[in-house]
There are 2 protein chains.
Amino acid sequence: MKTNLPLDANRLWADVMALADITDPARPYTRRSFTPLFLEGRAWLARRFAEAGLTTRIDTAGNLIGRLEGTNPALGVIAVGSHSDTVPSGGRFDGIAGVATGLEIVRALRQSGTRLNHTIEIIDFLAEEPSEYGLSCVGSRGMTGSLDSKMLDLTEPSGETLREGLRRVGGDPDRLAEAKREDIRAFLELHIEQGIVLESRSLDVGIVTSIVGIRRIEVVFQGEADHAGTTPINLRHDALVAAANTVAVVRRLAEQLAGETEDYFVATVGILTVEPSASNIVPGRCRLLVDARTTNPVLTKRFVESLDLESAAFAAAAQVSRTAFETLSDGPPVACDADLRAALRQGAQDLGLSEIDLPSGAGHDAAFMSRISRSAMVFVPCRKGKSHAPEEWADRDAIAAGAAVIFQAVRALDQSLSQDAS
Amino acid sequence: MKTNLPLDANRLWADVMALADITDPARPYTRRSFTPLFLEGRAWLARRFAEAGLTTRIDTAGNLIGRLEGTNPALGVIAVGSHSDTVPSGGRFDGIAGVATGLEIVRALRQSGTRLNHTIEIIDFLAEEPSEYGLSCVGSRGMTGSLDSKMLDLTEPSGETLREGLRRVGGDPDRLAEAKREDIRAFLELHIEQGIVLESRSLDVGIVTSIVGIRRIEVVFQGEADHAGTTPINLRHDALVAAANTVAVVRRLAEQLAGETEDYFVATVGILTVEPSASNIVPGRCRLLVDARTTNPVLTKRFVESLDLESAAFAAAAQVSRTAFETLSDGPPVACDADLRAALRQGAQDLGLSEIDLPSGAGHDAAFMSRISRSAMVFVPCRKGKSHAPEEWADRDAIAAGAAVIFQAVRALDQSLSQDAS
């Protein structure tokens with residue numbers, strides 16, 4: 001690894017650590033979107049943005065944006081960003097390393113007296129991780145015209161709608177159209193790999209080739225909450241029996257589909273809730289969230305068709321109703337922009353850093369941004385591939401190396417995109 | 001049904017309805033033990049006890065006790081009672097009808113100028129329903145010397161121990177021995193049937209023959225909380241896959257055991273929690289509570305042996321650890337006292353009410369009370385057998401009829417037990 005980078009690795013690291021400290025103390029590292037802690041983290045970020053000389057605002061889709069005007073604003077915007085929210089009991093790097101990267105690039109630019117032709121924006125997207133409303137990538141959906149009113153009607157467990165939540169964090173659901181952008185010419189995102197390829201091969205950065213498509217399906221079984229002592233087995237309407245069989249079949253179908261093709265396919269039930277949840281009451285209602293991901297949409301289609309048939313049969317066998325089998329979101333796989341990937345590869349080579357092409361098994365804001373702009377991503381190694389867990393770890397120098405690659409690409413793109421425009 | 005009863009059906013009904021109103025408004029009818037609402041209900045009960053001329057106290061096991069001294073206190077106590085806590089989203093009658101019955105009997109006694117030889121006590125047992133600490137019948141366990149220090153160390157989800165909770169509701173875990181009673185000569189409990197026998201045969205009351213034994217088992221699977229997008233299926237340690245297969249086998253074993261014998265057997269998974277519970281994280285930890293009930297302990301033994309083997313195999317197949325397979329409680333089936341049952345039957349006949357012998361599929365405080373006293377129960381009909389649900393319903397006159405049967409038995413036992421003692 002080259003250590004003579006065009007930015008300050010310690011300053012970048014300090015930002016990541018400072019934001020990590022803004023966590024629910026009972027379950028580090030947790031800064032769930034829409035919570036007071038999330039707003040505390042954003043207030044801290046907004047101060048840092050302002051100190052770096054950025055003009056700061058929250059758009060109507062709830063994204064925190066810092067802006068540094070270019071010498072030729074008509075050229076449009078080069079944007080760098082990621083997200084500052086976390087999953088419950090998540091890590092210190094997923095998302096925030098990408099936001100801190102943008103911030104450090106701006107500081108390094110100003111320190112070196114460089115003024116770009118393009119305006120540069122640092123974006124902290126709202127709620128990239130699945131929020132309590134059951135939706136992920138809320139901010140990047142909003143910025144790309146992909147947040148519809150059905151999504152805004154989604155509710156979190158206590159009944160608040162996403163529409164209300166969005167207003168609460170400074171967005172404006174009635175003026176969402178204003179968040180949609182047409183002036184962004186390139187979007188770059190740094191993220192930890194969340195896999196073991198870079199670590200196991202001792203590589204500095206991954207240049208992301210494509211991002212998996214993610215389909216999220218809500219399944220609800222409605223039975224009857226009867227007394228667990230006095231209701232004979234054959235008279236029960238046990239929603240959990242149907243739900244448990246559905247969990248088992250999600251696993252079986254995933255094993256089958258992943259085994260029969262070279263394409264990437266995984267499926268998970270990460271949420272299963274039971275109501276009323278008492279040891280002496282037959283479960284009356286269960287809700288599952290199924291998450292299926294692939295680089296080949298045909299596999300997801302086959303998965304959903306089988307799951308639909310089998311879960312309906314489980315409901316019938318358990319004498320319960322399947323009251324929902326709903327696709328909550330369905331993002332197609334996305335290929336990263338070839339020109340941006342070339343700029344990133346060149347940046348790595350200029351800095352003497354090793355790189356490799358990699359697909360992304362995780363979804364990212366960059367997938368939505370590709371709908372309105374050329375987009376690409378840089379992965380940095382993380383220990384044992386762990387993420388979404390407190391032990392998630394990326395080295396200071398690894399993050400700085402990835403950030404420097406993006407910095408190189410931003411400067412190169414500022415030139416090449418100016419020539420394209422002229 | 002005879003309407004000329006020796007007590008005031010409307011006054012009894014008004015008490016049941018007034019206590020039902022003390023509910024979590026978001027999910028009627030909920031008055032969970034150890035909550036502020038529960039304490040509010042008890043404060044209301046204590047005032048009604050005092051108005052009826054009872055001396056009121058909370059014993060060291062957290063039971064609310066109203067006492068009316070007899071003419072010959074040396075004869076000991078005839079006790080009537082049940083519980084005022086509910087399951088989440090439960091009903092208005094389960095438990096409280098039995099407490100209100102005791103209260104109405106005392107008022108009717110005083111109104112008629114009758115003074116019994118025996119002291120009479122009305123008992124509102126603490127936490128008959130499974131509490132947040134995973135234990136049911138906390139108060140009746142305490143009153144019968146069956147609440148041990150391992151149980152007191154149980155914790156609810158936020159980490160409070162039952163020991164601390166008990167102190168919070170007015171008990172004293174350091175002086176639990178003082179709650180154990182040796183002076184109770186007879187215990188009688190009125191309860192809704194929670195089944196359909198009485199309603200379907202248009203009978204007034206059920207005289208309970210025996211109460212099922214209940215075994216509760218906690219099963220915990222510990223896996224690893226990995227990213228649901230980047231962790232291939234074959235590298236996962238998914239705790240929910242093992243848990244779901246365990247739910248399915250509980251059902252299969254219950255069907256098998258209930259089908260092959262005349263004895264009563266049911267088994268239920270009413271609680272299943274998933275951590276960290278996010279749609280894009282492979283579940284790292286799952287906890288199940290299994291509830292198995294029978295009139296024949298051999299069936300539960302076979303059930304637990306099979307469940308132990310099969311759940312261990314599911315853990316191995318899912319590459320997770322089964323970190324707990326623990327019996328939290330194990331109450332044997334209990335036969336009700338023959339003399340008390342005869343007194344109840346005679347009471348029903350005296351009042352011109354129809355009665356039948358019935359086993360109880362639900363557990364009750366009476367099962368624990370049988371360890372220190374003759375005990376018996378009266379069931380009253382409830383609509384469609386529904387309980388532990390908001391639609392739980394028992395008619396005013398049905399409750400009054402059951403209460404009158406207990407009143408007759410109390411007066412008869414006051415005489416017959418006085419003769420036994422002399």
# chains A, B, ... in the order shown; residues from 1 in each chain; ligands from 1

$ residues_around --residues "A:Thr230" --least-positions-apart "2" --cutoff "12 Å" --atoms "only C-alpha atoms" --output "NGL selection string"
(:A and (225-228 or 232-236 or 280-282)) or (:B and (192-197 or 211-212 or 214 or 264-268 or 292-294 or 358-363 or 384-388))

$ calpha_fit_and_write --fixed "chain A" --moving "chain B" --output "compact mmCIF listing (two decimals) with C-alpha atoms, in the first residue's frame"
# COMPACT_ATOMS: atom_id res chain seq x y z
CA MET B 1 0.06 0.00 0.09
CA LYS B 2 1.22 3.52 -0.84
CA THR B 3 1.17 5.85 2.15
CA ASN B 4 1.87 9.14 0.39
CA LEU B 5 -1.77 9.90 -0.41
CA PRO B 6 -3.21 13.25 -1.55
CA LEU B 7 -5.44 13.48 1.56
CA ASP B 8 -5.18 13.21 5.34
CA ALA B 9 -5.85 9.62 6.44
CA ASN B 10 -5.96 10.55 10.13
CA ARG B 11 -8.45 13.37 9.63
CA LEU B 12 -10.71 11.05 7.59
CA TRP B 13 -10.41 8.31 10.24
CA ALA B 14 -11.23 10.76 13.04
CA ASP B 15 -14.51 11.64 11.33
CA VAL B 16 -15.50 7.98 11.01
CA MET B 17 -14.70 7.30 14.67
CA ALA B 18 -16.45 10.46 15.91
CA LEU B 19 -19.65 9.52 14.13
CA ALA B 20 -19.37 5.92 15.40
CA ASP B 21 -19.48 7.34 18.92
CA ILE B 22 -22.95 8.72 18.25
CA THR B 23 -24.61 5.35 18.97
CA ASP B 24 -27.26 3.79 21.12
CA PRO B 25 -24.99 2.87 24.06
CA ALA B 26 -27.00 -0.30 24.78
CA ARG B 27 -26.30 -1.78 21.34
CA PRO B 28 -23.32 -0.30 19.53
CA TYR B 29 -23.23 0.60 16.71
CA THR B 30 -26.79 1.69 16.18
CA ARG B 31 -27.93 4.95 14.62
CA ARG B 32 -31.27 4.04 13.05
CA SER B 33 -32.71 6.40 10.46
CA PHE B 34 -35.48 8.73 11.65
CA THR B 35 -34.41 8.49 15.32
CA PRO B 36 -33.16 11.34 17.55
CA LEU B 37 -29.67 9.72 17.43
CA PHE B 38 -29.72 9.82 13.65
CA LEU B 39 -30.57 13.52 13.76
CA GLU B 40 -27.77 14.04 16.28
CA GLY B 41 -25.32 12.38 13.87
CA ARG B 42 -26.55 14.55 11.04
CA ALA B 43 -26.24 17.74 13.09
CA TRP B 44 -22.62 16.75 13.75
CA LEU B 45 -22.07 16.06 10.03
CA ALA B 46 -23.67 19.36 9.02
CA ARG B 47 -21.28 21.23 11.32
CA ARG B 48 -18.30 19.40 9.77
CA PHE B 49 -19.64 20.17 6.27
CA ALA B 50 -19.91 23.86 7.19
CA GLU B 51 -16.41 23.93 8.71
CA ALA B 52 -15.10 22.49 5.42
CA GLY B 53 -16.65 25.46 3.60
CA LEU B 54 -19.65 23.63 2.16
CA THR B 55 -23.09 25.16 1.79
CA THR B 56 -25.38 22.74 3.60
CA ARG B 57 -29.04 21.90 3.06
CA ILE B 58 -31.57 19.09 3.40
CA ASP B 59 -33.46 18.38 0.17
CA THR B 60 -37.17 17.52 0.08
CA ALA B 61 -36.29 13.78 0.05
CA GLY B 62 -34.48 14.20 3.37
CA ASN B 63 -30.91 13.97 2.03
CA LEU B 64 -28.21 16.05 3.76
CA ILE B 65 -26.19 17.78 1.00
CA GLY B 66 -23.00 19.83 1.26
CA ARG B 67 -22.11 21.87 -1.84
CA LEU B 68 -18.93 23.53 -3.09
CA GLU B 69 -19.58 25.69 -6.13
CA GLY B 70 -17.36 25.08 -9.20
CA THR B 71 -15.80 27.73 -11.42
CA ASN B 72 -18.29 26.79 -14.14
CA PRO B 73 -21.58 25.84 -12.43
CA ALA B 74 -23.24 25.27 -15.82
CA LEU B 75 -21.18 22.07 -16.15
CA GLY B 76 -23.28 20.48 -13.41
CA VAL B 77 -22.36 18.46 -10.37
CA ILE B 78 -19.91 15.69 -9.50
CA ALA B 79 -21.34 14.00 -6.42
CA VAL B 80 -19.69 11.79 -3.79
CA GLY B 81 -21.58 10.19 -0.95
CA SER B 82 -23.19 7.34 0.89
CA HIS B 83 -25.27 7.17 4.11
CA SER B 84 -24.93 7.78 7.86
CA ASP B 85 -27.72 5.48 9.14
CA THR B 86 -26.98 1.94 10.37
CA VAL B 87 -28.82 -1.34 10.85
CA PRO B 88 -29.60 -2.29 14.50
CA SER B 89 -26.34 -3.40 16.18
CA GLY B 90 -24.43 -2.57 13.02
CA GLY B 91 -20.89 -1.35 12.39
CA ARG B 92 -18.86 1.85 12.27
CA PHE B 93 -18.00 1.89 8.57
CA ASP B 94 -20.95 0.77 6.43
CA GLY B 95 -22.15 4.01 4.87
CA ILE B 96 -20.34 6.57 6.94
CA ALA B 97 -16.92 5.82 5.38
CA GLY B 98 -18.38 6.96 2.05
CA VAL B 99 -19.78 10.21 3.48
CA ALA B 100 -16.52 10.97 5.31
CA THR B 101 -14.62 10.29 2.07
CA GLY B 102 -16.53 13.08 0.32
CA LEU B 103 -15.90 15.44 3.21
CA GLU B 104 -12.16 14.70 3.23
CA ILE B 105 -11.90 15.20 -0.55
CA VAL B 106 -13.40 18.69 -0.20
CA ARG B 107 -11.01 19.57 2.64
CA ALA B 108 -8.03 18.28 0.63
CA LEU B 109 -9.16 20.27 -2.42
CA ARG B 110 -9.47 23.49 -0.43
CA GLN B 111 -6.20 22.89 1.41
CA SER B 112 -4.35 22.47 -1.88
CA GLY B 113 -6.03 25.60 -3.25
CA THR B 114 -7.62 23.58 -6.08
CA ARG B 115 -10.92 24.83 -7.47
CA LEU B 116 -12.79 22.42 -9.75
CA ASN B 117 -14.73 23.43 -12.84
CA HIS B 118 -17.68 21.31 -11.67
CA THR B 119 -19.64 21.95 -8.53
CA ILE B 120 -18.98 19.15 -6.06
CA GLU B 121 -21.64 17.82 -3.72
CA ILE B 122 -21.26 15.50 -0.72
CA ILE B 123 -24.48 13.57 -0.10
CA ASP B 124 -25.60 11.77 3.05
CA PHE B 125 -28.57 9.82 1.65
CA LEU B 126 -31.54 9.28 3.97
CA ALA B 127 -32.19 5.75 5.25
CA GLU B 128 -30.12 3.55 2.94
CA GLU B 129 -30.61 0.63 5.34
CA PRO B 130 -34.12 -0.85 5.55
CA SER B 131 -36.01 1.59 7.74
CA GLU B 132 -38.75 0.87 10.26
CA TYR B 133 -41.19 1.62 7.42
CA GLY B 134 -39.91 -1.48 5.59
CA LEU B 135 -38.17 0.52 2.85
CA SER B 136 -34.47 1.04 2.13
CA CYS B 137 -32.67 3.75 0.07
CA VAL B 138 -35.38 6.29 0.89
CA GLY B 139 -33.18 9.29 0.04
CA SER B 140 -31.66 7.97 -3.18
CA ARG B 141 -35.10 6.83 -4.32
CA GLY B 142 -36.31 10.38 -3.68
CA MET B 143 -33.39 12.00 -5.51
CA THR B 144 -34.03 9.81 -8.58
CA GLY B 145 -37.83 10.14 -8.76
CA SER B 146 -38.32 6.59 -7.48
CA LEU B 147 -40.14 7.28 -4.21
CA ASP B 148 -43.85 6.91 -4.94
CA SER B 149 -46.86 7.75 -2.83
CA LYS B 150 -47.57 4.09 -2.01
CA MET B 151 -44.13 3.97 -0.42
CA LEU B 152 -44.83 7.19 1.48
CA ASP B 153 -47.93 5.50 2.93
CA LEU B 154 -45.85 2.68 4.49
CA THR B 155 -46.04 2.71 8.28
CA GLU B 156 -43.61 1.80 11.04
CA PRO B 157 -44.83 -0.41 13.92
CA SER B 158 -46.35 2.43 15.97
CA GLY B 159 -48.34 3.62 12.95
CA GLU B 160 -46.41 6.66 11.71
CA THR B 161 -46.27 6.90 7.91
CA LEU B 162 -43.03 7.39 6.00
CA ARG B 163 -44.62 10.62 4.78
CA GLU B 164 -44.80 11.87 8.37
CA GLY B 165 -41.34 10.53 9.20
CA LEU B 166 -39.84 12.27 6.19
CA ARG B 167 -41.29 15.57 7.34
CA ARG B 168 -39.92 14.95 10.82
CA VAL B 169 -36.32 14.70 9.52
CA GLY B 170 -36.52 17.87 7.45
CA GLY B 171 -37.86 16.59 4.11
CA ASP B 172 -41.08 17.65 2.42
CA PRO B 173 -43.17 14.83 0.94
CA ASP B 174 -45.49 17.34 -0.76
CA ARG B 175 -42.61 18.76 -2.80
CA LEU B 176 -40.72 15.56 -3.54
CA ALA B 177 -40.38 16.43 -7.23
CA GLU B 178 -37.93 19.18 -6.25
CA ALA B 179 -35.51 16.55 -4.92
CA LYS B 180 -35.23 14.86 -8.33
CA ARG B 181 -31.96 15.86 -9.96
CA GLU B 182 -30.95 16.31 -13.59
CA ASP B 183 -27.71 18.19 -13.02
CA ILE B 184 -25.54 15.39 -11.63
CA ARG B 185 -22.93 14.26 -14.17
CA ALA B 186 -21.17 11.62 -12.08
CA PHE B 187 -21.79 9.89 -8.77
CA LEU B 188 -19.06 8.02 -6.88
CA GLU B 189 -19.48 6.02 -3.69
CA LEU B 190 -16.87 4.42 -1.42
CA HIS B 191 -18.06 1.47 0.66
CA ILE B 192 -16.59 -1.43 2.63
CA GLU B 193 -16.67 -4.64 0.56
CA GLN B 194 -18.82 -6.69 3.00
CA GLY B 195 -17.14 -9.76 1.51
CA ILE B 196 -13.74 -11.46 1.70
CA VAL B 197 -12.32 -11.10 -1.82
CA LEU B 198 -10.08 -8.06 -1.21
CA GLU B 199 -8.83 -9.24 2.18
CA SER B 200 -8.12 -12.80 1.05
CA ARG B 201 -6.17 -11.57 -2.01
CA SER B 202 -4.48 -8.63 -0.22
CA LEU B 203 -5.84 -6.12 -2.72
CA ASP B 204 -6.25 -2.39 -2.02
CA VAL B 205 -9.52 -1.60 -3.80
CA GLY B 206 -12.39 -3.21 -5.70
CA ILE B 207 -13.93 -1.45 -8.71
CA VAL B 208 -17.61 -2.48 -8.67
CA THR B 209 -18.90 -3.95 -11.93
CA SER B 210 -22.59 -4.37 -11.02
CA ILE B 211 -24.93 -4.18 -8.04
CA VAL B 212 -27.41 -7.02 -7.35
CA GLY B 213 -31.12 -6.50 -7.81
CA ILE B 214 -33.05 -6.77 -4.54
CA ARG B 215 -36.66 -7.85 -4.19
CA ARG B 216 -38.39 -7.56 -0.81
CA ILE B 217 -41.61 -9.44 -0.18
CA GLU B 218 -43.92 -9.13 2.81
CA VAL B 219 -45.85 -12.26 3.75
CA VAL B 220 -48.58 -12.09 6.43
CA PHE B 221 -50.46 -15.05 7.90
CA GLN B 222 -53.64 -14.37 9.86
CA GLY B 223 -54.91 -17.09 12.15
CA GLU B 224 -56.67 -17.01 15.51
CA ALA B 225 -55.14 -16.21 18.90
CA ASP B 226 -56.54 -19.09 20.96
CA HIS B 227 -55.64 -20.42 24.39
CA ALA B 228 -52.63 -22.69 24.11
CA GLY B 229 -53.92 -24.98 26.87
CA THR B 230 -57.54 -25.45 25.93
CA THR B 231 -57.45 -25.48 22.11
CA PRO B 232 -56.88 -28.98 20.69
CA ILE B 233 -54.21 -29.15 17.97
CA ASN B 234 -56.66 -30.00 15.18
CA LEU B 235 -58.86 -26.95 15.96
CA ARG B 236 -55.99 -24.44 15.85
CA HIS B 237 -55.37 -21.64 13.38
CA ASP B 238 -51.69 -21.18 14.22
CA ALA B 239 -50.10 -18.43 12.11
CA LEU B 240 -46.58 -19.33 13.27
CA VAL B 241 -46.82 -22.88 11.91
CA ALA B 242 -47.42 -21.46 8.41
CA ALA B 243 -44.70 -18.84 8.90
CA ALA B 244 -42.12 -21.37 10.12
CA ASN B 245 -42.73 -23.63 7.12
CA THR B 246 -42.31 -20.58 4.87
CA VAL B 247 -38.93 -19.74 6.45
CA ALA B 248 -37.81 -23.31 5.81
CA VAL B 249 -38.87 -23.19 2.16
CA VAL B 250 -37.12 -19.84 1.55
CA ARG B 251 -33.93 -21.55 2.63
CA ARG B 252 -34.56 -24.66 0.56
CA LEU B 253 -35.33 -22.65 -2.62
CA ALA B 254 -32.25 -20.46 -2.09
CA GLU B 255 -29.99 -23.50 -1.76
CA GLN B 256 -31.51 -24.97 -4.91
CA LEU B 257 -31.22 -21.82 -7.06
CA ALA B 258 -27.73 -20.90 -5.84
CA GLY B 259 -26.57 -24.44 -6.59
CA GLU B 260 -27.77 -24.74 -10.16
CA THR B 261 -26.27 -21.59 -11.76
CA GLU B 262 -23.15 -19.44 -11.99
CA ASP B 263 -25.24 -16.35 -11.27
CA TYR B 264 -25.43 -14.94 -7.78
CA PHE B 265 -28.59 -15.71 -5.78
CA VAL B 266 -29.33 -15.44 -2.05
CA ALA B 267 -32.61 -15.22 -0.10
CA THR B 268 -33.18 -14.46 3.57
CA VAL B 269 -35.96 -14.09 6.12
CA GLY B 270 -34.45 -11.47 8.45
CA ILE B 271 -37.69 -10.36 10.14
CA LEU B 272 -40.41 -12.58 11.57
CA THR B 273 -42.85 -11.11 14.08
CA VAL B 274 -45.36 -13.08 16.12
CA GLU B 275 -48.55 -11.67 17.65
CA PRO B 276 -49.66 -11.55 20.38
CA SER B 277 -46.37 -13.22 21.47
CA ALA B 278 -47.20 -14.94 24.76
CA SER B 279 -46.13 -18.47 25.64
CA ASN B 280 -49.69 -19.60 26.39
CA ILE B 281 -51.41 -18.14 23.31
CA VAL B 282 -51.54 -19.77 19.90
CA PRO B 283 -49.98 -17.19 17.51
CA GLY B 284 -52.77 -15.27 15.77
CA ARG B 285 -50.71 -13.32 13.27
CA CYS B 286 -47.21 -13.53 11.78
CA ARG B 287 -45.38 -11.25 9.40
CA LEU B 288 -42.24 -12.16 7.46
CA LEU B 289 -39.96 -10.07 5.29
CA VAL B 290 -38.22 -12.02 2.54
CA ASP B 291 -35.15 -10.49 0.87
CA ALA B 292 -34.02 -12.06 -2.44
CA ARG B 293 -30.95 -10.84 -4.38
CA THR B 294 -29.47 -11.75 -7.70
CA THR B 295 -27.45 -10.66 -10.68
CA ASN B 296 -29.98 -12.55 -12.86
CA PRO B 297 -33.66 -11.50 -12.50
CA VAL B 298 -34.87 -14.83 -13.94
CA LEU B 299 -33.77 -16.55 -10.73
CA THR B 300 -35.80 -14.18 -8.54
CA LYS B 301 -38.83 -14.71 -10.75
CA ARG B 302 -38.61 -18.49 -10.31
CA PHE B 303 -38.01 -18.07 -6.58
CA VAL B 304 -41.08 -15.87 -6.09
CA GLU B 305 -43.34 -18.16 -8.13
CA SER B 306 -42.38 -21.19 -6.03
CA LEU B 307 -42.59 -19.27 -2.76
CA ASP B 308 -46.06 -18.01 -3.67
CA LEU B 309 -47.39 -21.52 -4.30
CA GLU B 310 -45.74 -23.14 -1.31
CA SER B 311 -46.63 -20.45 1.26
CA ALA B 312 -50.27 -20.55 0.12
CA ALA B 313 -50.27 -24.31 0.66
CA PHE B 314 -48.76 -23.91 4.16
CA ALA B 315 -51.50 -21.40 5.03
CA ALA B 316 -54.20 -23.85 3.93
CA ALA B 317 -52.61 -26.72 5.89
CA ALA B 318 -52.46 -24.61 9.07
CA GLN B 319 -56.07 -23.37 8.61
CA VAL B 320 -54.94 -19.72 8.43
CA SER B 321 -55.30 -17.00 5.80
CA ARG B 322 -52.33 -15.65 3.88
CA THR B 323 -53.51 -12.02 3.94
CA ALA B 324 -50.44 -10.56 2.23
CA PHE B 325 -47.89 -11.72 -0.32
CA GLU B 326 -46.70 -8.32 -1.47
CA THR B 327 -43.61 -7.09 -3.26
CA LEU B 328 -42.54 -4.07 -1.19
CA SER B 329 -39.68 -3.16 -3.50
CA ASP B 330 -38.05 -4.62 -6.58
CA GLY B 331 -34.80 -3.12 -7.79
CA PRO B 332 -33.21 -4.61 -10.92
CA PRO B 333 -29.48 -5.42 -11.06
CA VAL B 334 -27.46 -2.36 -12.13
CA ALA B 335 -24.22 -2.20 -14.11
CA CYS B 336 -21.76 0.53 -13.06
CA ASP B 337 -20.71 3.13 -15.68
CA ALA B 338 -17.76 2.01 -17.80
CA ASP B 339 -16.15 5.47 -18.08
CA LEU B 340 -16.30 6.07 -14.33
CA ARG B 341 -14.87 2.59 -13.72
CA ALA B 342 -12.01 3.43 -16.08
CA ALA B 343 -11.34 6.69 -14.20
CA LEU B 344 -11.30 4.81 -10.88
CA ARG B 345 -8.97 2.15 -12.26
CA GLN B 346 -6.63 4.83 -13.60
CA GLY B 347 -6.74 6.58 -10.20
CA ALA B 348 -5.68 3.39 -8.44
CA GLN B 349 -2.85 2.83 -10.92
CA ASP B 350 -1.67 6.46 -10.56
CA LEU B 351 -1.45 5.95 -6.80
CA GLY B 352 0.28 2.56 -7.07
CA LEU B 353 -2.67 0.73 -5.53
CA SER B 354 -3.80 -2.78 -6.52
CA GLU B 355 -7.39 -3.18 -7.77
CA ILE B 356 -9.84 -5.79 -9.04
CA ASP B 357 -13.28 -5.84 -10.66
CA LEU B 358 -16.00 -7.08 -8.27
CA PRO B 359 -19.79 -7.48 -8.28
CA SER B 360 -21.69 -6.17 -5.25
CA GLY B 361 -24.00 -8.55 -3.39
CA ALA B 362 -25.32 -5.65 -1.33
CA GLY B 363 -27.59 -2.88 -2.56
CA HIS B 364 -26.30 0.69 -2.47
CA ASP B 365 -27.52 4.23 -3.10
CA ALA B 366 -25.34 4.11 -6.25
CA ALA B 367 -27.83 1.64 -7.77
CA PHE B 368 -30.59 4.26 -7.63
CA MET B 369 -28.24 7.09 -8.62
CA SER B 370 -27.46 5.20 -11.84
CA ARG B 371 -31.02 6.09 -12.95
CA ILE B 372 -30.11 9.79 -13.21
CA SER B 373 -26.33 9.85 -13.56
CA ARG B 374 -23.26 7.87 -14.52
CA SER B 375 -22.44 6.03 -11.28
CA ALA B 376 -19.68 3.81 -9.94
CA MET B 377 -18.31 2.47 -6.67
CA VAL B 378 -15.06 1.67 -4.92
CA PHE B 379 -14.88 -1.13 -2.35
CA VAL B 380 -12.28 -1.21 0.40
CA PRO B 381 -11.31 -4.39 2.31
CA CYS B 382 -13.06 -5.20 5.57
CA ARG B 383 -12.02 -7.78 8.15
CA LYS B 384 -13.36 -11.29 7.47
CA GLY B 385 -16.04 -9.76 5.26
CA LYS B 386 -18.13 -8.93 8.35
CA SER B 387 -20.59 -6.07 8.20
CA HIS B 388 -23.93 -5.16 9.77
CA ALA B 389 -22.41 -6.26 13.08
CA PRO B 390 -20.39 -4.56 15.84
CA GLU B 391 -17.19 -6.38 14.79
CA GLU B 392 -17.28 -4.75 11.32
CA TRP B 393 -13.81 -3.31 10.72
CA ALA B 394 -11.84 -1.52 8.00
CA ASP B 395 -8.29 -0.23 8.51
CA ARG B 396 -7.54 3.48 8.53
CA ASP B 397 -5.13 3.17 5.60
CA ALA B 398 -7.57 1.01 3.60
CA ILE B 399 -10.28 3.66 3.81
CA ALA B 400 -7.78 6.40 2.96
CA ALA B 401 -6.57 4.45 -0.09
CA GLY B 402 -10.12 4.04 -1.40
CA ALA B 403 -10.87 7.70 -0.73
CA ALA B 404 -7.71 8.71 -2.60
CA VAL B 405 -8.80 6.65 -5.62
CA ILE B 406 -12.10 8.52 -5.66
CA PHE B 407 -10.25 11.85 -5.22
CA GLN B 408 -8.07 11.06 -8.26
CA ALA B 409 -11.15 10.10 -10.28
CA VAL B 410 -13.01 13.29 -9.26
CA ARG B 411 -10.12 15.46 -10.49
CA ALA B 412 -9.78 13.46 -13.72
CA LEU B 413 -13.54 13.53 -14.36
CA ASP B 414 -13.65 17.27 -13.71
CA GLN B 415 -11.33 17.61 -16.68
CA SER B 416 -12.77 14.95 -19.00
CA LEU B 417 -16.42 15.88 -18.39
CA SER B 418 -15.58 19.57 -18.99
CA GLN B 419 -14.14 18.61 -22.38
CA ASP B 420 -17.23 16.47 -23.16
CA ALA B 421 -19.48 19.45 -22.35
CA SER B 422 -17.50 21.94 -24.43

$ select_by_dssp --residues "stretch 67-180 of chain B" --states "helix (DSSP H, G or I)" --output "PyMOL selection string"
chain B and resi 73-75+96-111+138-143+149-152+162-168+173-179

$ select_by_dssp --residues "stretch 163-263 of chain B" --states "strand (DSSP E)" --output "ChimeraX atom specification"
/B:184-192,205-211,213-222
